[in-house]
$ cat input_36.csv   # CSV, C-alpha atoms and all ligand atoms
chain,number,residue,atom,x,y,z
A,42,MET,CA,76.8,4.2,-156.8
A,43,GLY,CA,77.1,6.3,-153.7
A,44,CYS,CA,79.2,3.5,-152.3
A,45,SER,CA,81.7,3.5,-155.2
A,46,ILE,CA,82.1,7.3,-154.8
A,47,TRP,CA,82.8,6.8,-151.1
A,48,THR,CA,85.4,4.1,-151.7
A,49,SER,CA,87.1,6.0,-154.6
A,50,ARG,CA,87.4,9.2,-152.4
A,51,PHE,CA,88.4,7.4,-149.2
A,52,ASN,CA,90.7,4.5,-150.2
A,53,PHE,CA,91.5,2.7,-146.9
A,54,GLY,CA,93.0,-0.3,-148.7
A,55,HIS,CA,96.5,0.3,-147.4
A,56,LEU,CA,95.5,0.6,-143.8
A,57,LYS,CA,95.4,-2.3,-141.4
A,58,ALA,CA,91.9,-3.5,-140.2
A,59,GLN,CA,92.4,-1.9,-136.8
A,60,SER,CA,93.3,1.5,-138.2
A,61,LYS,CA,90.3,1.3,-140.6
A,62,VAL,CA,88.0,0.9,-137.6
A,63,SER,CA,89.5,3.9,-135.8
A,64,VAL,CA,89.3,6.1,-138.9
A,65,PHE,CA,85.7,5.1,-139.4
A,66,PHE,CA,84.8,6.0,-135.8
A,67,THR,CA,86.7,9.3,-135.9
A,68,MET,CA,84.6,10.2,-139.0
A,69,ILE,CA,81.4,9.2,-137.3
A,70,ILE,CA,82.2,11.5,-134.4
A,71,PHE,CA,83.2,14.3,-136.7
A,72,PHE,CA,80.0,14.1,-138.8
A,73,THR,CA,77.9,13.8,-135.6
A,74,TYR,CA,79.5,17.0,-134.3
A,75,LEU,CA,79.0,18.7,-137.6
A,76,PHE,CA,75.3,17.7,-137.7
A,77,TYR,CA,75.0,18.9,-134.0
A,78,CYS,CA,76.5,22.3,-134.9
A,79,LEU,CA,74.3,22.7,-138.0
A,80,THR,CA,71.2,22.2,-135.9
A,81,GLY,CA,72.4,25.0,-133.5
A,82,TYR,CA,73.3,23.0,-130.4
A,83,CYS,CA,76.9,24.2,-130.4
A,84,ASP,CA,75.8,27.5,-129.0
A,85,SER,CA,75.0,25.9,-125.7
A,86,LEU,CA,78.6,24.8,-125.2
A,87,PRO,CA,80.5,26.8,-122.6
A,88,ARG,CA,82.2,29.9,-124.0
A,89,PRO,CA,85.3,31.6,-122.6
A,90,LEU,CA,84.6,34.2,-120.0
A,91,TYR,CA,85.7,37.1,-122.1
A,92,GLU,CA,83.1,36.2,-124.6
A,93,HIS,CA,80.4,36.3,-122.0
A,94,GLN,CA,81.7,39.7,-120.9
A,95,SER,CA,81.6,41.1,-124.4
A,96,VAL,CA,78.0,39.9,-124.8
A,97,ARG,CA,77.1,41.6,-121.6
A,98,ASN,CA,78.8,44.8,-122.7
A,99,LYS,CA,76.6,44.7,-125.8
A,100,LEU,CA,73.5,45.1,-123.6
A,101,ARG,CA,72.5,48.7,-123.7
A,102,PHE,CA,69.3,50.4,-122.6
A,103,GLU,CA,67.2,52.2,-125.1
A,104,ASP,CA,68.6,55.6,-124.2
A,105,GLY,CA,72.1,54.3,-125.0
A,106,SER,CA,73.3,54.1,-121.5
A,107,LYS,CA,74.3,51.0,-119.5
A,108,ASN,CA,72.6,49.8,-116.3
A,109,GLN,CA,70.6,52.9,-115.7
A,110,ARG,CA,67.8,52.8,-113.1
A,111,GLY,CA,64.4,52.9,-114.6
A,112,ALA,CA,65.6,52.5,-118.2
A,113,ARG,CA,64.3,49.7,-120.4
A,114,TRP,CA,66.2,47.1,-122.4
A,115,ASN,CA,66.9,47.8,-126.0
A,116,VAL,CA,65.0,44.7,-127.3
A,117,SER,CA,66.4,45.0,-130.8
A,118,THR,CA,70.0,44.7,-129.4
A,119,LEU,CA,68.9,41.7,-127.4
A,120,ARG,CA,67.4,40.0,-130.5
A,121,GLU,CA,70.8,40.3,-132.2
A,122,LEU,CA,72.6,38.5,-129.4
A,123,PRO,CA,73.9,35.0,-130.4
A,124,GLY,CA,71.6,32.3,-129.0
A,125,SER,CA,69.0,34.8,-127.7
A,126,ASN,CA,66.2,32.7,-129.0
A,127,GLN,CA,67.5,29.5,-127.4
A,128,LEU,CA,67.6,31.4,-124.1
A,129,GLY,CA,63.9,32.1,-124.5
A,130,ILE,CA,64.3,35.8,-124.1
A,131,PHE,CA,61.2,36.5,-126.0
A,132,PRO,CA,58.1,35.2,-124.3
A,133,GLN,CA,56.2,35.1,-127.6
A,134,ASP,CA,58.6,32.5,-128.9
A,135,THR,CA,57.9,30.2,-126.0
A,136,ARG,CA,54.3,30.5,-125.1
A,137,ASN,CA,53.1,27.4,-123.3
A,138,GLY,CA,49.4,28.2,-123.2
A,139,GLN,CA,49.2,28.1,-119.4
A,140,ARG,CA,46.6,30.7,-118.3
A,141,GLU,CA,46.6,30.6,-114.6
A,142,ILE,CA,49.3,31.4,-112.1
A,143,SER,CA,48.0,28.5,-110.1
A,144,SER,CA,50.7,28.1,-107.5
A,145,ASP,CA,54.3,28.8,-106.7
A,146,ARG,CA,55.2,25.5,-108.1
A,147,ASN,CA,53.4,26.2,-111.4
A,148,ARG,CA,55.0,29.6,-111.5
A,149,GLN,CA,58.4,27.9,-111.5
A,150,GLN,CA,57.3,25.4,-114.1
A,151,VAL,CA,56.3,28.3,-116.3
A,152,GLU,CA,59.8,29.6,-116.0
A,153,VAL,CA,61.4,26.3,-116.5
A,154,ALA,CA,59.2,25.6,-119.5
A,155,GLY,CA,61.2,28.1,-121.5
A,156,ASN,CA,60.4,31.6,-120.2
A,157,LEU,CA,63.9,32.2,-119.0
A,158,SER,CA,64.3,35.9,-119.1
A,159,VAL,CA,67.4,38.0,-119.8
A,160,SER,CA,68.2,38.3,-116.2
A,161,ASN,CA,68.2,34.5,-115.7
A,162,ASN,CA,71.4,34.5,-117.7
A,163,PHE,CA,72.9,37.9,-117.1
A,164,GLY,CA,73.4,39.9,-114.0
A,165,THR,CA,74.2,39.0,-110.4
A,166,LYS,CA,72.3,37.4,-107.5
A,167,GLU,CA,71.7,40.0,-104.8
A,168,PHE,CA,70.0,39.9,-101.5
A,169,PRO,CA,66.5,41.2,-101.7
A,170,GLN,CA,66.2,44.9,-101.2
A,171,ALA,CA,62.5,44.5,-100.5
A,172,ILE,CA,60.5,41.7,-98.9
A,173,ILE,CA,56.8,41.0,-98.6
A,174,ILE,CA,56.8,39.8,-95.0
A,175,GLY,CA,53.1,39.2,-94.6
A,176,VAL,CA,50.5,38.5,-93.8
A,177,LYS,CA,49.4,35.0,-94.6
A,178,LYS,CA,46.2,35.1,-96.7
A,179,GLY,CA,46.4,38.9,-97.0
A,180,GLY,CA,46.9,38.9,-100.8
A,181,THR,CA,50.7,38.5,-100.8
A,182,ARG,CA,50.7,36.3,-104.0
A,183,ALA,CA,48.6,38.8,-105.9
A,184,LEU,CA,50.9,41.7,-104.9
A,185,LEU,CA,54.1,39.8,-105.9
A,186,GLU,CA,52.6,38.8,-109.3
A,187,PHE,CA,51.5,42.3,-109.9
A,188,LEU,CA,55.0,43.6,-109.1
A,189,ARG,CA,56.7,41.1,-111.3
A,190,VAL,CA,55.1,42.8,-114.3
A,191,HIS,CA,57.4,45.7,-113.6
A,192,PRO,CA,60.6,45.5,-115.7
A,193,ASP,CA,62.7,46.6,-112.7
A,194,VAL,CA,61.5,44.0,-110.4
A,195,ARG,CA,62.9,40.4,-110.2
A,196,ALA,CA,61.4,38.1,-107.7
A,197,VAL,CA,61.6,34.5,-106.5
A,198,GLY,CA,58.4,32.6,-107.4
A,199,ALA,CA,58.4,30.2,-104.5
A,200,GLU,CA,58.5,31.3,-100.8
A,201,PRO,CA,62.1,30.9,-99.6
A,202,HIS,CA,61.2,30.7,-95.8
A,203,PHE,CA,64.8,31.7,-95.1
A,204,PHE,CA,64.2,33.9,-92.0
A,205,ASP,CA,61.9,31.5,-90.3
A,206,ARG,CA,62.7,27.9,-91.4
A,207,PHE,CA,66.1,27.8,-93.1
A,208,TYR,CA,68.1,30.4,-91.4
A,209,ASP,CA,70.8,27.9,-90.5
A,210,LYS,CA,71.6,27.4,-94.2
A,211,GLY,CA,73.3,30.7,-94.1
A,212,LEU,CA,73.0,34.0,-96.1
A,213,GLU,CA,74.9,32.7,-99.1
A,214,TRP,CA,72.4,29.9,-99.5
A,215,TYR,CA,69.7,32.5,-99.4
A,216,ARG,CA,71.3,34.8,-102.0
A,217,ASN,CA,71.7,31.9,-104.3
A,218,LEU,CA,68.0,31.4,-104.4
A,219,MET,CA,67.5,34.9,-105.9
A,220,PRO,CA,67.1,35.5,-109.6
A,221,ARG,CA,69.8,37.4,-111.3
A,222,THR,CA,69.4,41.1,-111.6
A,223,LEU,CA,70.9,43.9,-113.6
A,224,GLU,CA,71.9,47.2,-112.0
A,225,GLY,CA,68.8,49.3,-111.5
A,226,GLN,CA,66.5,46.2,-110.9
A,227,ILE,CA,65.4,45.2,-107.5
A,228,THR,CA,65.3,41.7,-106.0
A,229,MET,CA,62.2,40.7,-104.1
A,230,GLU,CA,60.8,37.7,-102.3
A,231,LYS,CA,57.6,37.0,-100.3
A,232,THR,CA,57.2,34.8,-97.3
A,233,PRO,CA,54.1,35.8,-95.3
A,234,SER,CA,55.1,33.9,-92.2
A,235,TYR,CA,58.0,36.3,-91.5
A,236,PHE,CA,55.6,38.8,-90.1
A,237,VAL,CA,54.7,36.6,-87.2
A,238,THR,CA,58.2,35.0,-86.6
A,239,ARG,CA,59.8,36.4,-83.5
A,240,GLU,CA,63.4,36.1,-84.8
A,241,ALA,CA,62.7,37.4,-88.3
A,242,PRO,CA,63.1,41.2,-87.6
A,243,ARG,CA,66.6,40.7,-86.1
A,244,ARG,CA,67.6,38.4,-88.9
A,245,VAL,CA,66.5,40.6,-91.7
A,246,PHE,CA,68.1,43.6,-89.9
A,247,THR,CA,71.4,41.5,-89.8
A,248,MET,CA,71.2,41.0,-93.5
A,249,SER,CA,70.5,44.7,-94.2
A,250,ARG,CA,69.0,47.4,-92.1
A,251,HIS,CA,68.0,49.1,-95.4
A,252,THR,CA,65.6,46.3,-96.4
A,253,LYS,CA,62.2,47.6,-97.4
A,254,LEU,CA,59.3,45.7,-95.8
A,255,ILE,CA,55.9,45.3,-97.2
A,256,VAL,CA,52.9,44.0,-95.2
A,257,VAL,CA,49.7,43.2,-97.0
A,258,VAL,CA,47.0,43.4,-94.3
A,259,ARG,CA,43.4,42.2,-94.5
A,260,ASP,CA,40.5,42.3,-92.1
A,261,PRO,CA,41.7,39.8,-89.4
A,262,VAL,CA,38.3,38.1,-89.2
A,263,THR,CA,38.1,37.4,-93.0
A,264,ARG,CA,41.8,36.5,-92.9
A,265,ALA,CA,41.2,33.9,-90.1
A,266,VAL,CA,38.3,32.4,-92.1
A,267,SER,CA,40.5,32.3,-95.2
A,268,ASP,CA,43.3,30.6,-93.2
A,269,TYR,CA,40.8,28.1,-91.9
A,270,THR,CA,39.5,27.5,-95.5
A,271,GLN,CA,43.0,26.7,-96.6
A,272,THR,CA,43.6,24.2,-93.8
A,273,LEU,CA,40.2,22.6,-94.3
A,274,SER,CA,41.0,22.1,-98.0
A,275,LYS,CA,44.0,20.0,-97.0
A,276,ASN,CA,42.3,18.3,-94.1
A,277,PRO,CA,38.6,17.9,-94.6
A,278,GLY,CA,38.2,16.3,-91.1
A,279,LEU,CA,39.1,19.5,-89.4
A,280,PRO,CA,36.9,20.6,-86.4
A,281,SER,CA,34.5,23.5,-87.1
A,282,PHE,CA,35.8,27.1,-87.1
A,283,GLN,CA,34.0,27.9,-83.9
A,284,ASN,CA,35.5,24.9,-82.2
A,285,LEU,CA,39.0,26.1,-83.0
A,286,ALA,CA,38.4,29.8,-82.4
A,287,PHE,CA,36.9,29.5,-78.9
A,288,LYS,CA,38.6,28.1,-75.9
A,289,ASN,CA,35.2,27.5,-74.5
A,290,THR,CA,32.1,28.0,-76.7
A,291,THR,CA,29.9,29.0,-73.7
A,292,SER,CA,32.2,31.6,-72.3
A,293,GLY,CA,33.1,32.9,-75.7
A,294,LEU,CA,36.8,33.1,-74.8
A,295,ILE,CA,38.9,33.4,-77.9
A,296,ASP,CA,41.8,30.9,-78.3
A,297,THR,CA,44.8,33.0,-79.2
A,298,SER,CA,47.0,29.9,-79.4
A,299,TRP,CA,45.2,29.0,-82.6
A,300,SER,CA,47.5,30.4,-85.4
A,301,ALA,CA,44.5,31.5,-87.5
A,302,VAL,CA,43.5,33.9,-84.7
A,303,ARG,CA,47.0,34.8,-83.5
A,304,ILE,CA,48.3,36.0,-86.9
A,305,GLY,CA,45.5,38.6,-87.0
A,306,ILE,CA,46.8,40.5,-83.9
A,307,TYR,CA,48.8,42.7,-86.2
A,308,ALA,CA,49.7,45.3,-83.6
A,309,LYS,CA,51.5,42.7,-81.5
A,310,HIS,CA,53.6,41.4,-84.4
A,311,LEU,CA,54.3,44.9,-85.7
A,312,GLU,CA,55.9,45.9,-82.3
A,313,ASN,CA,58.5,43.2,-82.9
A,314,TRP,CA,59.5,44.7,-86.2
A,315,LEU,CA,59.6,48.3,-84.9
A,316,ARG,CA,62.3,47.3,-82.5
A,317,TYR,CA,64.6,47.0,-85.5
A,318,PHE,CA,63.1,49.0,-88.3
A,319,PRO,CA,61.7,52.5,-88.3
A,320,LEU,CA,58.1,52.8,-89.6
A,321,SER,CA,59.4,54.5,-92.7
A,322,ARG,CA,60.9,51.2,-93.8
A,323,LEU,CA,57.5,49.5,-93.7
A,324,LEU,CA,54.6,49.8,-96.2
A,325,PHE,CA,51.2,48.6,-95.3
A,326,VAL,CA,49.1,47.5,-98.3
A,327,SER,CA,45.4,47.1,-97.9
A,328,GLY,CA,44.4,43.6,-98.9
A,329,GLU,CA,40.9,44.8,-99.6
A,330,ARG,CA,42.0,47.7,-101.8
A,331,LEU,CA,44.3,45.4,-103.7
A,332,VAL,CA,41.1,43.7,-104.9
A,333,THR,CA,38.9,46.7,-105.4
A,334,ASP,CA,41.6,49.1,-106.7
A,335,PRO,CA,44.8,47.1,-107.6
A,336,ALA,CA,46.3,50.0,-109.7
A,337,GLY,CA,45.8,52.5,-106.9
A,338,GLU,CA,47.5,50.2,-104.4
A,339,MET,CA,50.3,49.3,-106.9
A,340,GLY,CA,50.9,53.0,-107.3
A,341,ARG,CA,51.7,53.3,-103.6
A,342,VAL,CA,53.9,50.2,-103.7
A,343,GLN,CA,55.9,51.4,-106.7
A,344,ASP,CA,56.5,54.8,-105.0
A,345,PHE,CA,57.6,53.1,-101.8
A,346,LEU,CA,60.1,51.0,-103.8
A,347,GLY,CA,61.4,54.0,-105.7
A,348,LEU,CA,60.1,52.6,-109.0
A,349,LYS,CA,58.6,54.4,-111.9
A,350,ARG,CA,54.8,53.9,-111.9
A,351,VAL,CA,54.8,51.3,-114.7
A,352,VAL,CA,52.1,49.0,-113.4
A,353,THR,CA,48.9,50.9,-113.8
A,354,ASN,CA,45.2,50.4,-114.6
A,355,LYS,CA,45.9,49.2,-118.1
A,356,HIS,CA,47.5,46.1,-116.7
A,357,PHE,CA,44.4,44.8,-115.0
A,358,TYR,CA,40.9,43.6,-115.9
A,359,PHE,CA,38.2,42.4,-113.7
A,360,ASN,CA,37.4,38.7,-114.3
A,361,GLN,CA,33.7,38.3,-113.6
A,362,THR,CA,33.9,34.5,-113.2
A,363,LYS,CA,36.7,34.7,-110.7
A,364,GLY,CA,35.4,37.8,-109.0
A,365,PHE,CA,39.0,39.2,-108.8
A,366,PRO,CA,41.2,41.5,-110.8
A,367,CYS,CA,43.5,39.6,-113.1
A,368,LEU,CA,46.6,40.5,-115.2
A,369,LYS,CA,46.3,41.2,-118.9
A,370,LYS,CA,49.9,40.4,-119.4
A,371,PRO,CA,51.7,38.7,-116.5
A,372,GLU,CA,55.5,38.5,-116.5
A,373,GLY,CA,56.8,36.1,-119.2
A,374,SER,CA,53.4,35.7,-120.9
A,375,SER,CA,51.3,37.7,-123.3
A,376,ARG,CA,48.1,36.1,-122.3
A,377,PRO,CA,45.7,37.3,-119.6
A,378,ARG,CA,46.1,35.4,-116.4
A,379,CYS,CA,44.3,35.1,-113.0
A,380,LEU,CA,45.8,33.7,-109.8
A,381,GLY,CA,45.1,30.0,-109.3
A,382,LYS,CA,42.1,28.2,-107.7
A,383,SER,CA,43.5,28.4,-104.2
A,384,LYS,CA,43.4,32.2,-104.4
A,385,GLY,CA,40.0,33.8,-104.1
A,386,ARG,CA,38.1,30.6,-103.3
A,387,PRO,CA,34.7,30.5,-101.5
A,388,HIS,CA,34.8,30.4,-97.7
A,389,PRO,CA,32.6,28.0,-95.7
A,390,HIS,CA,29.6,29.5,-93.9
A,391,ILE,CA,30.5,30.7,-90.3
A,392,PRO,CA,27.7,31.6,-88.0
A,393,GLN,CA,27.2,35.4,-87.7
A,394,ASP,CA,27.5,35.4,-83.9
A,395,VAL,CA,30.9,33.7,-84.1
A,396,LEU,CA,32.1,36.3,-86.5
A,397,LEU,CA,30.8,39.1,-84.4
A,398,ARG,CA,32.5,37.8,-81.3
A,399,LEU,CA,35.8,37.6,-83.2
A,400,ARG,CA,35.3,41.1,-84.5
A,401,GLU,CA,34.8,42.3,-81.0
A,402,PHE,CA,38.0,40.5,-79.9
A,403,TYR,CA,40.1,42.2,-82.7
A,404,ARG,CA,38.7,45.7,-82.3
A,405,PRO,CA,41.2,47.0,-79.7
A,406,PHE,CA,44.1,45.4,-81.5
A,407,ASN,CA,42.9,46.9,-84.8
A,408,LEU,CA,42.7,50.4,-83.3
A,409,LYS,CA,46.2,50.1,-81.9
A,410,PHE,CA,47.4,49.0,-85.3
A,411,TYR,CA,45.7,52.0,-87.0
A,412,GLN,CA,47.5,54.2,-84.5
A,413,MET,CA,50.9,52.6,-85.0
A,414,THR,CA,50.7,52.8,-88.8
A,415,GLY,CA,48.8,56.1,-89.1
A,416,GLN,CA,46.4,54.3,-91.4
A,417,ASP,CA,42.7,53.4,-90.9
A,418,PHE,CA,42.0,50.2,-92.7
A,419,GLY,CA,38.2,50.4,-92.0
A,420,TRP,CA,37.7,46.9,-90.5
A,421,ASP,CA,35.6,48.1,-87.6
A,501,LIG,N1,43.7,39.3,-107.7
A,501,LIG,C1,43.5,38.4,-106.8
A,501,LIG,N2,43.2,37.1,-107.2
A,501,LIG,C2,43.0,36.2,-106.3
A,501,LIG,N3,43.0,36.4,-105.0
A,501,LIG,C3,43.4,37.6,-104.6
A,501,LIG,C4,43.6,38.6,-105.5
A,501,LIG,N4,43.9,39.7,-104.7
A,501,LIG,C5,43.8,39.4,-103.5
A,501,LIG,N5,43.5,38.1,-103.3
A,501,LIG,C6,43.3,37.4,-102.1
A,501,LIG,O1,44.5,36.8,-101.8
A,501,LIG,C7,44.2,35.8,-100.8
A,501,LIG,C8,45.3,34.8,-100.6
A,501,LIG,O2,46.4,35.5,-99.9
A,501,LIG,P1,47.9,35.1,-100.1
A,501,LIG,O3,48.3,35.1,-101.5
A,501,LIG,O4,48.6,36.1,-99.2
A,501,LIG,O5,47.9,33.7,-99.5
A,501,LIG,S1,49.1,32.9,-98.9
A,501,LIG,O6,49.4,33.3,-97.6
A,501,LIG,O7,50.2,33.0,-99.8
A,501,LIG,O8,48.6,31.5,-98.9
A,501,LIG,C9,42.9,35.2,-101.3
A,501,LIG,O9,42.2,34.7,-100.2
A,501,LIG,P2,40.9,33.8,-100.3
A,501,LIG,O10,39.8,34.7,-100.9
A,501,LIG,O11,40.5,33.4,-98.9
A,501,LIG,O12,41.2,32.7,-101.2
A,501,LIG,C10,42.3,36.4,-102.0
A,501,LIG,O13,41.2,36.9,-101.3

$ encode --input "input_36.csv" --output "structure tokens"
Amino acid sequence: MGCSIWTSRFNFGHLKAQSKVSVFFTMIIFFTYLFYCLTGYCDSLPRPLYEHQSVRNKLRFEDGSKNQRGARWNVSTLRELPGSNQLGIFPQDTRNGQREISSDRNRQQVEVAGNLSVSNNFGTKEFPQAIIIGVKKGGTRALLEFLRVHPDVRAVGAEPHFFDRFYDKGLEWYRNLMPRTLEGQITMEKTPSYFVTREAPRRVFTMSRHTKLIVVVRDPVTRAVSDYTQTLSKNPGLPSFQNLAFKNTTSGLIDTSWSAVRIGIYAKHLENWLRYFPLSRLLFVSGERLVTDPAGEMGRVQDFLGLKRVVTNKHFYFNQTKGFPCLKKPEGSSRPRCLGKSKGRPHPHIPQDVLLRLREFYRPFNLKFYQMTGQDFGWD
């Protein structure tokens, strides 16, 4: 029956066999396209530039202005935008059940899995106005994830390592790694090895002398043990901590060529940065207080960055099992999340006399660092 309707409506009798075949295929293509559009995929086709612009012009902040610093997006306007759901603008539409920010890689997977935010599609890629330059194992990941909760902060998840490893790729390469930002939002990245890279201060200065620099510092002895723990986890055959820390165990001479020791001589590395940047461009965050009072430390960071104090006590809860503060609602998710297993892991036992000797070694450098920064971190 269906077949007879088909033949009565579309009588191809007068056409040659070849023409019949081409009409048949044209219709298949047409109906496939129609089906595609009905299921919503046509929205992903490229649109003319002026259409993108008009979409962008539709974006307004809640107070009615455009691009105003500190203002929030008018979410209802965004919901009305064509294709907004396909862009995954609203995290609640794209939850993927992942609870831990377990690593840089996972962070990116979370983003790729559908949590593309507004700024992934609108705005421009800018050089970072602020960089977390160190220190390794200081708590840099925690700080970056806490900052990403702020609506005016957009940050790269992975460590770009531009100013130490990939400088020859050029500044445009670096800028391209950045997430898109809207006016009023700041771009950030974190690469803890910058703090100890000799060329990094000059290179960052060349990019912009106005770059704000954040250093998360932690008791250098605990930091060294944390660093050692990380290397040990990748290489279980590693010699003992004391074997690596001392040039000679009987003389008790510290081996400063071991990076786990060298990184903790903060005063020496800071001197390098102060050749290019005034102290006012640097903020020193206490890694210890970031654990005991994350909201307090975040207050200082937001002030330094010229941001409204949005990330406060209400964003954190203390996870008893992990023994660390975790986020109630990290960026792009509405579920509580702690940092991954490699953050806040147990350290191996190091003999007390070894730790005391190392503490003694660091004392003069710590005092110098307190003087230089005007802050007493209380490690001694
Ligand atoms: N909220 C929260 N959750 C988990 N871990 C936290 C947190 N805040 C600070 N820390 C401390 O961060 C230490 C890791 O520092 P980094 O992120 O700078 O490490 S890395 O250099 O990026 O590898 C990590 O070091 P370890 O304890 O040695 O694992 C933690 O002590």

$ residues_around --input "input_36.csv" --residues "Phe410 (chain A)" --least-positions-apart "4" --cutoff "10 Å" --atoms "all atoms listed in the file" --output "list in words"
Ile306, Tyr307, Ala308, Lys309, His310, Leu311, Glu312, Arg404, Pro405, Phe406, Thr414, Gly415, Gln416, Asp417 and Phe418 of chain A

$ closest_residue --input "input_36.csv" --among "A:Ser374, A:Ser321, A:Thr353, A:Thr263" --to "Asp334 (chain A)" --atoms "all atoms listed in the file"
A:Thr353

$ atom_distance --input "input_36.csv" --atom1 "atom C9 of ligand LIG 501 (chain A)" --atom2 "CA of Lys384 (chain A)"
4.3 Å

$ closest_residue --input "input_36.csv" --among "A:Gly381, A:Gly305, A:Gly179, A:Pro192" --to "ligand LIG 501 (chain A)" --atoms "all atoms listed in the file"
A:Gly179

$ residues_near_ligand --input "input_36.csv" --ligand "ligand LIG 501 (chain A)" --cutoff "7 Å" --atoms "only C-alpha atoms and all ligand atoms" --output "PDB file with C-alpha atoms, in the frame of the given file"
ATOM      1  CA  VAL A 176      50.500  38.500 -93.800  1.00  0.00           C
ATOM      2  CA  LYS A 177      49.400  35.000 -94.600  1.00  0.00           C
ATOM      3  CA  LYS A 178      46.200  35.100 -96.700  1.00  0.00           C
ATOM      4  CA  GLY A 179      46.400  38.900 -97.000  1.00  0.00           C
ATOM      5  CA  GLY A 180      46.900  38.900-100.800  1.00  0.00           C
ATOM      6  CA  THR A 181      50.700  38.500-100.800  1.00  0.00           C
ATOM      7  CA  ARG A 182      50.700  36.300-104.000  1.00  0.00           C
ATOM      8  CA  ALA A 183      48.600  38.800-105.900  1.00  0.00           C
ATOM      9  CA  PRO A 233      54.100  35.800 -95.300  1.00  0.00           C
ATOM     10  CA  ARG A 264      41.800  36.500 -92.900  1.00  0.00           C
ATOM     11  CA  SER A 267      40.500  32.300 -95.200  1.00  0.00           C
ATOM     12  CA  ASP A 268      43.300  30.600 -93.200  1.00  0.00           C
ATOM     13  CA  THR A 270      39.500  27.500 -95.500  1.00  0.00           C
ATOM     14  CA  GLY A 328      44.400  43.600 -98.900  1.00  0.00           C
ATOM     15  CA  LEU A 331      44.300  45.400-103.700  1.00  0.00           C
ATOM     16  CA  VAL A 332      41.100  43.700-104.900  1.00  0.00           C
ATOM     17  CA  PHE A 365      39.000  39.200-108.800  1.00  0.00           C
ATOM     18  CA  PRO A 366      41.200  41.500-110.800  1.00  0.00           C
ATOM     19  CA  CYS A 367      43.500  39.600-113.100  1.00  0.00           C
ATOM     20  CA  CYS A 379      44.300  35.100-113.000  1.00  0.00           C
ATOM     21  CA  LEU A 380      45.800  33.700-109.800  1.00  0.00           C
ATOM     22  CA  SER A 383      43.500  28.400-104.200  1.00  0.00           C
ATOM     23  CA  LYS A 384      43.400  32.200-104.400  1.00  0.00           C
ATOM     24  CA  GLY A 385      40.000  33.800-104.100  1.00  0.00           C
ATOM     25  CA  ARG A 386      38.100  30.600-103.300  1.00  0.00           C
ATOM     26  CA  PRO A 387      34.700  30.500-101.500  1.00  0.00           C
ATOM     27  CA  HIS A 388      34.800  30.400 -97.700  1.00  0.00           C
TER      28      HIS A 388
END
